[in-house]
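Step one of this worksheet: look at the structure below.
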Amino acid sequence: MSLLKKMSLAASIALSLGLSAAAYAEKIAIVGGQVHTVSSAGVLEEATVLINNGRIQQVVEGDSVPSGYREIDARGKVVTPGFIGAYTSLGLEEVSGSAGTVDARTEEHPISTLGAAFDVQFAINNDSSLIPITRIEGFTSAGTALSSTGQLFQGQGAVISLAGKFDSILKAKAYMQLDVSNGGADDNGGSRAAMWVAIHTAFEEAKFAQSYTMNPSADWHGLTTMADAKALIPVLNGQVPLFVKADRAADISQMLKLKLRFADLRLVLVHGVEAWRMASELAAANVPVILNPEYNLPGSFDQLGATLENAARLHKAGVKVVVGMDTHNIRLATQHAGNAVANGLPHSAGIASLTINAAEIFGLEEQIGSLEPGKDADVVIWSGDPLEVAQTAEQVFIQGKEIDMSSRQTKLRDRYLKRNKALPVGYTRP
C-alpha cells in the first residue's frame, strides 16, 4: 500500500473514531415524560432525564433543559430504564430448525462430565438478527446461557449488552445453571434419587477442590472434571449465583435444603410454576424467583399448582420477582409482566421485575436497572404504559446512544407493504 493510501486510511479511521466518540459524549435531555426511575425517587409525572457521556447525569422534575443539551420531547410519554432479559439464549440461537451449529446446545466433551465448565461467553454472536428484534422492544441487556447440555449443569451464563457491539459482555461467568425439574432428572439417571446424590457429590468435590492443587499432573478421580470443579468453587462460595430450574413444590423444597447443606450458595429459583406454594420459605431464605407468570394450567405433573397469581403471591410474601422466559423471544416478557399485574402484582413491581430486580440478581445494580446518576444511560421512551400490549418503544438508548429502531422484521414488513408490484415478490428488495 502506498504512503498516500496509508495516510488516507489512517485519516478515515481517525475521523470515524472521532465521530464515534463525539456521538458517545453527546449531552441529551429527554424532556417532560412520566419517568419511572425505579429508585427511591419513584415515578415522576413530568421530569427530564439528563444524559452525559453515556451515563445518567441526573433526573430532575420539570421540563427545563440546561444549555448544551440536545432536547428530545417525551411529553405525554413514559420513560423507563432499559429492560433486562433475565433468562434467555440471545446471541446463541437463530432459528432452531435451521441447519448449522446452534450454540445454545452442547454435546458430550471430555472437558466436562457435569456441564459446569461450559462457558457461553465464547459463543455469543452479536450479529444475531434476534438482538435488534429484541432491543427495539425496549430491552437493552440480557442474561444468556445454554438451553441444553444433557448433563447435570447447564453451564455458565453471561450478561450482555444489546448494543450490537462485538464486545458486548457486561459480565462473564455471571451465573451457573442447574435443572432439577423432570427434564433434569430424565437427563441424570432417570430419577431424582440419582440426580440429587450427584448434585451433593459435585458440591462436596468443589469444596475439596478449594484446597487441592488443580493442575494437569494432579491425581484427580472425582465425579467432576477439574474444569467442572474449578467452575463450581465460586458458586459454592456465593460469588456466582446458582440458577435452579424447578417447578414442583417438592423440588423447590429440595433446593432450599441444598442451601442448608452448603450455606454460602446464592440461589435463584427459575421457572417456579409452583413457587407460590413455597413463598414464605423462599422469602425467609432470600431466594429470588425468575418466572414466566403465564402458566395457569398444568402442562405436566410438575405444574399441577399453576396459577396466574403466582407472581402476585410471591411478591406479597416478600420474594423478589423477576419476569423472564427461557427463550430467545424475551421481548414478550413485557406482556407477561402486564398479565402478572392484571392478576395482582403491583404495577411498580411489574416494572421492577424487568429492571432493577434482574440487575440485582446479576450483581449489576450499580450499572444498570434504574435511572440514577452514574449508571449506564440505558433508557426507553414508550408511547404509553410499557406493560400494556398496545404500547410500543418509540426510542431506545443504550449507554447514551440512540439505537436504530429497525430490525429484520420491520424491514420485511416494509418490504411487503411498499413493494414494487411490477416485479415478482421474490425480486422485491427493501
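The chains in the C-alpha cells are called A, B, ... from first to last as shown; in each chain the residues are counted from 1, and the ligands are counted from 1 in the order shown.
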
Go through range 68-95 of chain A residue by residue and, counting only C-alpha atoms, keep those with an atom at most 12 Å from range 395-405 of chain A; for each kept residue give the shortest atom pair and its distance in Å to one decimal, ordered by chain and increasing number, as JSON lines.
```
{"residue": "A:Ile72", "atom": "CA", "partner": "A:Gln395", "partner_atom": "CA", "distance": 10.1}
{"residue": "A:Asp73", "atom": "CA", "partner": "A:Gln395", "partner_atom": "CA", "distance": 11.1}
{"residue": "A:Ala74", "atom": "CA", "partner": "A:Gln395", "partner_atom": "CA", "distance": 10.0}
{"residue": "A:Lys77", "atom": "CA", "partner": "A:Gln395", "partner_atom": "CA", "distance": 11.0}
{"residue": "A:Val78", "atom": "CA", "partner": "A:Gln395", "partner_atom": "CA", "distance": 10.9}
{"residue": "A:Val79", "atom": "CA", "partner": "A:Gln395", "partner_atom": "CA", "distance": 9.8}
{"residue": "A:Thr80", "atom": "CA", "partner": "A:Val396", "partner_atom": "CA", "distance": 9.9}
{"residue": "A:Pro81", "atom": "CA", "partner": "A:Phe397", "partner_atom": "CA", "distance": 9.3}
{"residue": "A:Gly82", "atom": "CA", "partner": "A:Val396", "partner_atom": "CA", "distance": 7.6}
{"residue": "A:Phe83", "atom": "CA", "partner": "A:Val396", "partner_atom": "CA", "distance": 10.2}
{"residue": "A:Ile84", "atom": "CA", "partner": "A:Ile398", "partner_atom": "CA", "distance": 11.8}
```

Can you list, as number ranges by chain, every protein, DNA or RNA residue that comes within 8 Å of Ile330 in chain A when you count only C-alpha atoms, leaving out same-chain residues fewer than 4 positions away? A: 85, 87-88, 134, 324-326

Spatial neighbours of Ile160 in chain A, 8 Å, only C-alpha atoms, chain gap at least 2 places, as a list in words: Ser141, Ala142, Gly143, Thr144, Ala158, Leu162, Ser168, Ile169, Leu170 and Lys171 of chain A

Write out the residues from the selection above, keeping C-alpha atoms, as a PDB file, in the first residue's frame.
```pdb
ATOM      1  CA  SER A 141     -29.326  -6.081  28.115  1.00  0.00           C
ATOM      2  CA  ALA A 142     -29.873  -9.760  28.801  1.00  0.00           C
ATOM      3  CA  GLY A 143     -28.630 -12.786  30.633  1.00  0.00           C
ATOM      4  CA  THR A 144     -27.930 -15.502  28.110  1.00  0.00           C
ATOM      5  CA  ALA A 158     -23.196 -14.262  30.752  1.00  0.00           C
ATOM      6  CA  LEU A 162     -27.769  -5.485  23.240  1.00  0.00           C
ATOM      7  CA  SER A 168     -20.936  -6.987  24.319  1.00  0.00           C
ATOM      8  CA  ILE A 169     -20.139  -8.790  27.571  1.00  0.00           C
ATOM      9  CA  LEU A 170     -21.251  -6.847  30.639  1.00  0.00           C
ATOM     10  CA  LYS A 171     -20.415  -9.747  32.930  1.00  0.00           C
TER      11      LYS A 171
END
```

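Of the listed residues A:Ser406, A:Ala422, A:Asn125, A:Ile111, the one whose atoms come nearest to Pro216 in chain A is A:Ile111, with distances taken using only C-alpha atoms.
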
Choose the residue, out of A:Ser128, A:Ser300, A:Asn52, A:Asn292, that has the smallest atom-to-atom separation from Phe166 in chain A; count only C-alpha atoms. A:Ser128

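You will find CA of Ala231 in chain A at 16.6 Å from CA of Asp179 in chain A.
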
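The space separating CA of Ile51 in chain A from CA of Gly33 in chain A comes to 14.5 Å.
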
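Across range 262-329 of chain A, DSSP run on the backbone finds strand (DSSP E or B) at A:Leu267, A:Val268, A:Leu269, A:Val270, A:His271, A:Val289, A:Ile290, A:Leu291, A:Val321, A:Val322, A:Val323.
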
Output N, CA and C atoms of each residue in that selection to a file, as a short mmCIF file (atom, residue, chain, number, x, y, z; two decimals), in the first residue's frame.
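To be explicit, this is the file written out as result-v9.cif:
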```cif
data_model
loop_
_atom_site.label_atom_id
_atom_site.label_comp_id
_atom_site.auth_asym_id
_atom_site.auth_seq_id
_atom_site.Cartn_x
_atom_site.Cartn_y
_atom_site.Cartn_z
N LEU A 267 -28.79 -18.80 45.82
CA LEU A 267 -29.75 -19.47 44.96
C LEU A 267 -30.71 -18.50 44.30
N VAL A 268 -31.08 -18.80 43.06
CA VAL A 268 -32.14 -18.11 42.33
C VAL A 268 -33.02 -19.20 41.73
N LEU A 269 -34.29 -19.19 42.08
CA LEU A 269 -35.22 -20.16 41.52
C LEU A 269 -35.67 -19.69 40.14
N VAL A 270 -35.66 -20.60 39.17
CA VAL A 270 -36.07 -20.28 37.80
C VAL A 270 -37.29 -21.11 37.43
N HIS A 271 -38.21 -20.48 36.74
CA HIS A 271 -39.45 -21.08 36.25
C HIS A 271 -40.49 -21.13 37.35
N VAL A 289 -36.99 -15.21 42.49
CA VAL A 289 -37.59 -16.13 41.52
C VAL A 289 -37.68 -15.46 40.16
N ILE A 290 -37.13 -16.12 39.14
CA ILE A 290 -37.32 -15.71 37.75
C ILE A 290 -38.40 -16.61 37.17
N LEU A 291 -39.54 -16.02 36.83
CA LEU A 291 -40.64 -16.87 36.40
C LEU A 291 -41.31 -16.34 35.14
N VAL A 321 -39.28 -10.80 42.67
CA VAL A 321 -39.81 -11.44 41.47
C VAL A 321 -39.20 -10.80 40.23
N VAL A 322 -38.74 -11.65 39.32
CA VAL A 322 -38.23 -11.23 38.02
C VAL A 322 -39.04 -11.96 36.96
N VAL A 323 -39.53 -11.24 35.97
CA VAL A 323 -40.24 -11.88 34.87
C VAL A 323 -39.24 -12.21 33.77
#
```
